[in-house]
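Listing of coords36.cif; format and content: mmCIF, C-alpha atoms.
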```
data_run
#
loop_
_atom_site.label_atom_id
_atom_site.label_comp_id
_atom_site.auth_asym_id
_atom_site.auth_seq_id
_atom_site.Cartn_x
_atom_site.Cartn_y
_atom_site.Cartn_z
CA MET C 1 -47.14 33.67 -196.86
CA ALA C 2 -46.58 31.25 -194.00
CA LYS C 3 -49.49 29.51 -192.34
CA ARG C 4 -50.51 30.84 -189.00
CA ARG C 5 -49.46 28.44 -186.25
CA TYR C 6 -51.92 27.96 -183.41
CA LYS C 7 -51.23 26.66 -179.96
CA TRP C 8 -53.96 24.11 -179.45
CA TYR C 9 -55.52 23.76 -176.01
CA ASN C 10 -57.06 20.53 -174.75
CA SER C 11 -60.35 20.40 -172.82
CA ARG C 12 -58.68 20.81 -169.42
CA GLU C 13 -56.68 23.86 -170.53
CA ALA C 14 -59.72 25.37 -172.25
CA ALA C 15 -61.82 24.87 -169.12
CA GLU C 16 -59.18 26.59 -167.03
CA TYR C 17 -58.94 29.48 -169.53
CA LEU C 18 -62.74 29.92 -169.57
CA GLY C 19 -63.25 29.38 -165.85
CA LEU C 20 -65.57 26.41 -166.45
CA THR C 21 -65.44 22.71 -165.64
CA VAL C 22 -64.13 20.23 -168.21
CA GLN C 23 -67.55 18.56 -168.35
CA HIS C 24 -69.24 21.88 -169.09
CA VAL C 25 -66.77 22.69 -171.89
CA ARG C 26 -67.38 19.28 -173.47
CA ARG C 27 -71.15 19.73 -173.17
CA LEU C 28 -70.90 23.13 -174.91
CA CYS C 29 -68.88 21.48 -177.70
CA ARG C 30 -71.51 18.77 -178.21
CA GLN C 31 -74.18 21.49 -178.35
CA GLY C 32 -72.15 23.38 -180.97
CA GLN C 33 -71.68 26.48 -178.83
CA ILE C 34 -67.86 26.42 -178.81
CA ALA C 35 -65.87 26.07 -182.04
CA HIS C 36 -63.37 23.22 -181.80
CA ARG C 37 -61.58 20.52 -183.72
CA ARG C 38 -61.73 16.85 -182.87
CA LEU C 39 -58.38 15.02 -182.88
CA LYS C 40 -57.88 12.68 -179.93
CA GLY C 41 -60.42 14.68 -177.97
CA TYR C 42 -61.54 18.27 -178.28
CA GLN C 43 -58.94 20.88 -179.18
CA PHE C 44 -59.30 24.65 -179.18
CA SER C 45 -57.30 27.62 -180.39
CA LYS C 46 -57.13 30.80 -178.34
CA ASP C 47 -59.11 32.57 -181.08
CA MET C 48 -61.91 30.01 -180.73
CA LEU C 49 -62.04 30.46 -176.97
CA ASP C 50 -61.95 34.25 -177.22
CA ALA C 51 -64.80 34.16 -179.77
CA PHE C 52 -66.85 32.10 -177.31
CA ILE C 53 -66.16 34.63 -174.54
CA ARG C 54 -67.18 37.52 -176.81
CA SER C 55 -70.40 35.73 -177.77
CA ARG C 56 -71.29 35.34 -174.08
CA THR C 57 -70.30 38.82 -172.92
CA VAL C 58 -73.17 41.24 -172.53
CA PHE C 59 -72.44 44.83 -171.69
CA GLN C 60 -74.59 45.95 -168.80
CA PRO C 61 -73.97 49.54 -167.79
CA GLN C 62 -74.14 50.00 -164.06
CA HIS C 63 -75.70 52.94 -162.33
CA PRO C 64 -73.16 54.77 -160.17
CA ASP C 65 -75.21 54.24 -156.99
CA PRO C 66 -77.89 51.52 -157.14
CA MET C 67 -79.51 52.92 -153.96
CA LYS C 68 -80.41 56.12 -155.86
CA VAL C 69 -82.54 54.44 -158.53
CA ARG C 70 -86.33 54.50 -158.54
CA ARG C 71 -88.45 53.12 -161.38
CA GLY C 72 -85.35 52.82 -163.55
CA ARG C 73 -84.43 56.51 -163.24
CA PRO C 74 -82.07 58.30 -160.90
CA LEU C 75 -83.85 60.10 -158.06
CA ASP C 76 -82.39 63.39 -159.31
CA ALA C 77 -84.50 63.06 -162.49
CA ASP C 78 -87.70 63.18 -160.42
CA ARG C 79 -86.87 66.53 -158.88
CA GLY C 80 -87.50 68.46 -162.10
CA ARG C 81 -91.26 67.88 -162.04
#
```
Rendering of file as structure tokens:
Amino acid sequence: MAKRRYKWYNSREAAEYLGLTVQHVRRLCRQGQIAHRRLKGYQFSKDMLDAFIRSRTVFQPQHPDPMKVRRGRPLDADRGR
């Protein structure tokens, strides 16, 4: 079975992919929050960057109309009392 070939991204490309600054990406690497390899600077595979995005993504369901919420419940729920 052949080895999987990765396209390696440098810090600038990774920052662009993640929507962050290069300095922020490097800081996250030093803190161990983004998986990377170190060869002439930081290098990242797309899988590593996608794993970082998944680790930071929090699903927050949104209420259909935020103006119709009172005490965390839709106003329609209060009418049944």
What does the structure give for the distance between CA of Phe44 (chain C) and CA of Thr57 (chain C), in Å to one decimal? 19.0 Å
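Considering the residues C:Tyr42, C:Arg56, C:Ala51, C:Tyr9 and counting all atoms listed in the file, Arg26 (chain C) has its shortest atom-to-atom contact with C:Tyr42.
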Using only C-alpha atoms, the residue out of C:Ala35, C:Ser45, C:Thr21, C:Arg30 with shortest distance to Tyr6 (chain C) is C:Ser45
Please determine, counting only C-alpha atoms, which residue among C:Leu28, C:Leu18, C:Ser11, C:Arg5 has the shortest atom-to-atom distance to Leu49 (chain C). C:Leu18
CA of Gly41 (chain C) to CA of Arg54 (chain C) measures 23.8 Å
So what do you get for CA of Glu13 (chain C) versus CA of Arg38 (chain C), distance-wise? 15.1 Å
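Closest approach to Lys7 (chain C) from the set C:Gln23, C:Ser55, C:Gln31, C:Gln43 is made by C:Gln43, with distances taken over all atoms listed in the file.
Of the residues listed (C:Val22, C:Arg12, C:Tyr17, C:Cys29), C:Tyr17 shows the shortest atom-to-atom separation from Asp47 (chain C); distances use only C-alpha atoms.
The nearest approach to Lys40 (chain C) among the residues C:Ile53, C:Glu16, C:Arg27, C:Asn10, with all atoms listed in the file taken into account, belongs to C:Asn10.
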